[in-house]
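Peer 1: This is the structure, below, for whatever I ask next.
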Amino acid sequence: MGVEITKILKKSQAALLERWMKNQLADMGLREDLMSNEDLRAESEELINALVKSLNEKNLSEPGSSDFDHVIEILGGISISRARQGFSPRETGLSIISLKEALIELLQESVTDPKELVDISLKLHRLMDSFVITTFETFIKGREEVILRQTDEISEISTPVIRVWEGILALPIIGTLDSARTQVVMESLLTEIVESGSSVAILDISGVPTVDSLVAQHLLKTVSATRLMGAECIISGIRPEIAQTIVHLGIDLSEIVTKATLASALLYAFKTLRLEVRKPAVKTSF
Amino acid sequence: MKRILKMIATIISLNKDPMPVAREQDVVPFRNRVKEYAVKIKMGLVNQTKLITAASELVRNMLRYGGGGEVLIEVVSRGRDSGIRLTFKDDGPGIPDISLALKDGYSTGKSLGLGLPGTKRLVNEFDIKSEVGKGTKVTIIKWANG
Amino acid sequence: MDRIPILRMGPFLLVTIQVDLYDRLALDLEADLVKMVSKTGAQGILIDISAVSIVDSFMGRIIGNIGVMAKLLDAETVVVGMQPAVAITLVELGLPLKGVFTALNVERGMDLLKSKIQLFEQDETDPENDSDDHITE
């Protein structure tokens with residue numbers, strides 16, 4: 001086999017770095033506000049070192065080979081740090097694409113046989129493209145993780161269980177009720193039931209934008225779990241639109257107590273506990 | 001498809017602990033072992049309970065229909081998530097129609113007929129392979145924060 | 001052989017499950033309880049599961065069976081002290097525990113049993129204390 005890419009790369013590793021740096025700076029324009037020249041060089045050098053070390057004739061056409069684990073790790077690191085530094089996905093992607101260009105340029109100078117050049121460039125293209133995709137995937141994953149963390153935080157913040165009366169708990173639900181959220185809601189509600197020894201829980205859904213069959217199912221589950229604990233669960237805050245949707249979708253909520261407002265749910269809870277709220281009687285009426 | 005394969009491939013097993021379950025008396029120690037691992041990876045109480053309940057259902061099936069077998073308890077990780085993977089393997093008669101067995105309300109034994117579908121709802125990943133005359137292998141994964 | 005003790009408290013039977021149930025133990029409990037109800041003419045069964053960390057479909061079925069069987073012998077069953085995680089799991093599993101009543105703790109369970117029995121036998125002792133349950137201000 002004529003051309004040995006490893007040899008070419010090892011020989012001109014320094015030249016490759018220079019070329020890539022040049023390309024990157026040209027592409028990025030002047031982003032020195034985000035990253036210093038030295039940092040960029042250090043990062044680029046690390047990647048090239050890893051790439052040159054792991055690349056050989058065999059794995060050139062196997063982008064999935066485990067030989068590249070270290071390269072992919074570095075790529076991931078670059079991608080995430082770029083995302084944090086405020087680079088756009090385009091800039092991040094372009095910077096890796098420009099490494100491909102630098103590599104191809106280098107090959108053009110070292111390989112003379114046109115057939116071999118095409119052959120090796122094709123392979124190199126494929127490999128580098130896969131690295132570019134990895135870069136994007138990491139970029140997106142980095143963002144997804146942020147979103148997931150925020151979702152967790154929101155669901156924990158937004159499930160306050162309120163003791164409205166001795167033996168009565170209220171839990172206002174704000175936002176959409178998905179299965180993960182339902183579990184958080186159930187867990188905090190049931191734990192509070194045990195801790196406070198409450199026998200009535202009011203689930204207020206005034207803040208839930210829509211109730212589809214899935215949300216209804218989650219509500220039913222929460223009610224069933226509350227009952228298993230030995231407490232009653234009332235659903236309040238059913239807006240007229242929601243009542244309409246429930247009926248139109250054919251959702252059966254007949255097994256649970258539903259009330260239009262938190263106030264009427266509270267009144268119902270008082271009755272269940274045989275409590276009575278009265279205005280203070282005027283003395284003279286006795 | 002390739003993507004899915006890649007996702008599965010990125011689940012790394014950190015710890016393998018095989019445990020034979022041949023008699024009913026093995027069930028409680030087995031459940032305790034699963035709990036130990038779940039606590040070790042800081043799984044929340046509700047998820048722990050779901051996992052152990054699912055394990056309990058599957059191990060009962062294995063004893064009743066498969067004549068006992070072996071359970072592999074593994075601590076697995078995928079990215080930042082860690083979880084428990086349980087593989088139940090028996091050399092029993094196998095299940096002729098898996099899709100039927102996974103339907104709510106189906107049962108050949110005298111259980112409630114919510115064994116498999118109910119179990120599936122308790123875990124994050126559920127896979128069942130069965131060959132008539134050879135045996136059944138059920139794999140479940142529960143992520144610590146899943 | 002382990003056995004779960006059944007205590008007699010007046011017209012009720014009290015069972016506190018302190019160990020992790022395995023199938024044989026649960027089946028024995030079912031049989032023992034039904035025999036006990038028949039022998040003593042108990043009017044209610046109270047099963048405290050606050051120390052139970054796992055209830056799977058089999059144990060759930062046993063508990064449900066106890067409820068239905070006791071009902072045939074004219075006794076009510078109350079399950080008390082279910083842990084939140086167990087309740088959530090049972091719901092997810094699709095097991096509603098039909099046939100039994102539930103209460104938060106033993107005390108509430110006893111009150112519930114008493115009220116159930118009073119529904120049928122109004123000539124029984126004084127109705128329960130509702131003195132401090134009223135708010136007048």
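Each chain in the structure tokens gets a letter, A, B and so on, in the order shown; residues start at 1 in every chain, and ligands are counted from 1 in the order they appear.
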For Lys141 in chain A, list every protein, DNA or RNA residue within 12 Å, evaluated using only C-alpha atoms, and leave out those in the same chain fewer than 3 positions away; present the list as a ChimeraX atom specification.
Peer 2: /A:76-77,79-80,83,134-138,144-148 /B:79-80
Peer 1: Return as a VMD selection string the residues belonging to chain B that are within 10 Å of chain A, counting only C-alpha atoms.
Peer 2: chain B and resid 6 45 to 47 80 145 to 146
Peer 1: Deliver the residues from the most recent selection as a file, using C-alpha atoms, as a PDB file, in the first residue's frame.
Peer 2:
```
ATOM      1  CA  LYS B   6     -25.136   3.193  20.065  1.00  0.00           C
ATOM      2  CA  LEU B  45     -36.837   5.397  48.103  1.00  0.00           C
ATOM      3  CA  VAL B  46     -39.747   5.296  45.642  1.00  0.00           C
ATOM      4  CA  ASN B  47     -37.546   4.076  42.794  1.00  0.00           C
ATOM      5  CA  ARG B  80     -24.120  10.687  34.271  1.00  0.00           C
ATOM      6  CA  ASN B 145     -33.247   9.080  39.077  1.00  0.00           C
ATOM      7  CA  GLY B 146     -35.558   7.531  36.478  1.00  0.00           C
TER       8      GLY B 146
END
```
Peer 1: Please return, as a ChimeraX atom specification, all residues of chain C lying within 9 Å of chain B when only C-alpha atoms are considered.
Peer 2: /C:20-24,53-58,61,84-86,88-90,92-95
Peer 1: Residues of chain C within 12 Å of chain A, counting only C-alpha atoms - could you list those as an MDAnalysis selection string?
Peer 2: chainID C and resid 48:50 60 78:109 112 129:137
Peer 1: Name the residues in contact with Pro172 in chain A at a cut-off of 7 Å, using only C-alpha atoms, excluding same-chain residues fewer than 3 positions from it; report them as a PyMOL selection string.
Peer 2: chain A and resi 203-205
Peer 1: May I ask which of the residues C:Asn65, C:Thr77, C:Gln118, C:Gln43 is the closest one to Ala26 in chain C, counting only C-alpha atoms?
Peer 2: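 That would be C:Asn65, the residue with the smallest distance to Ala26 in chain C.
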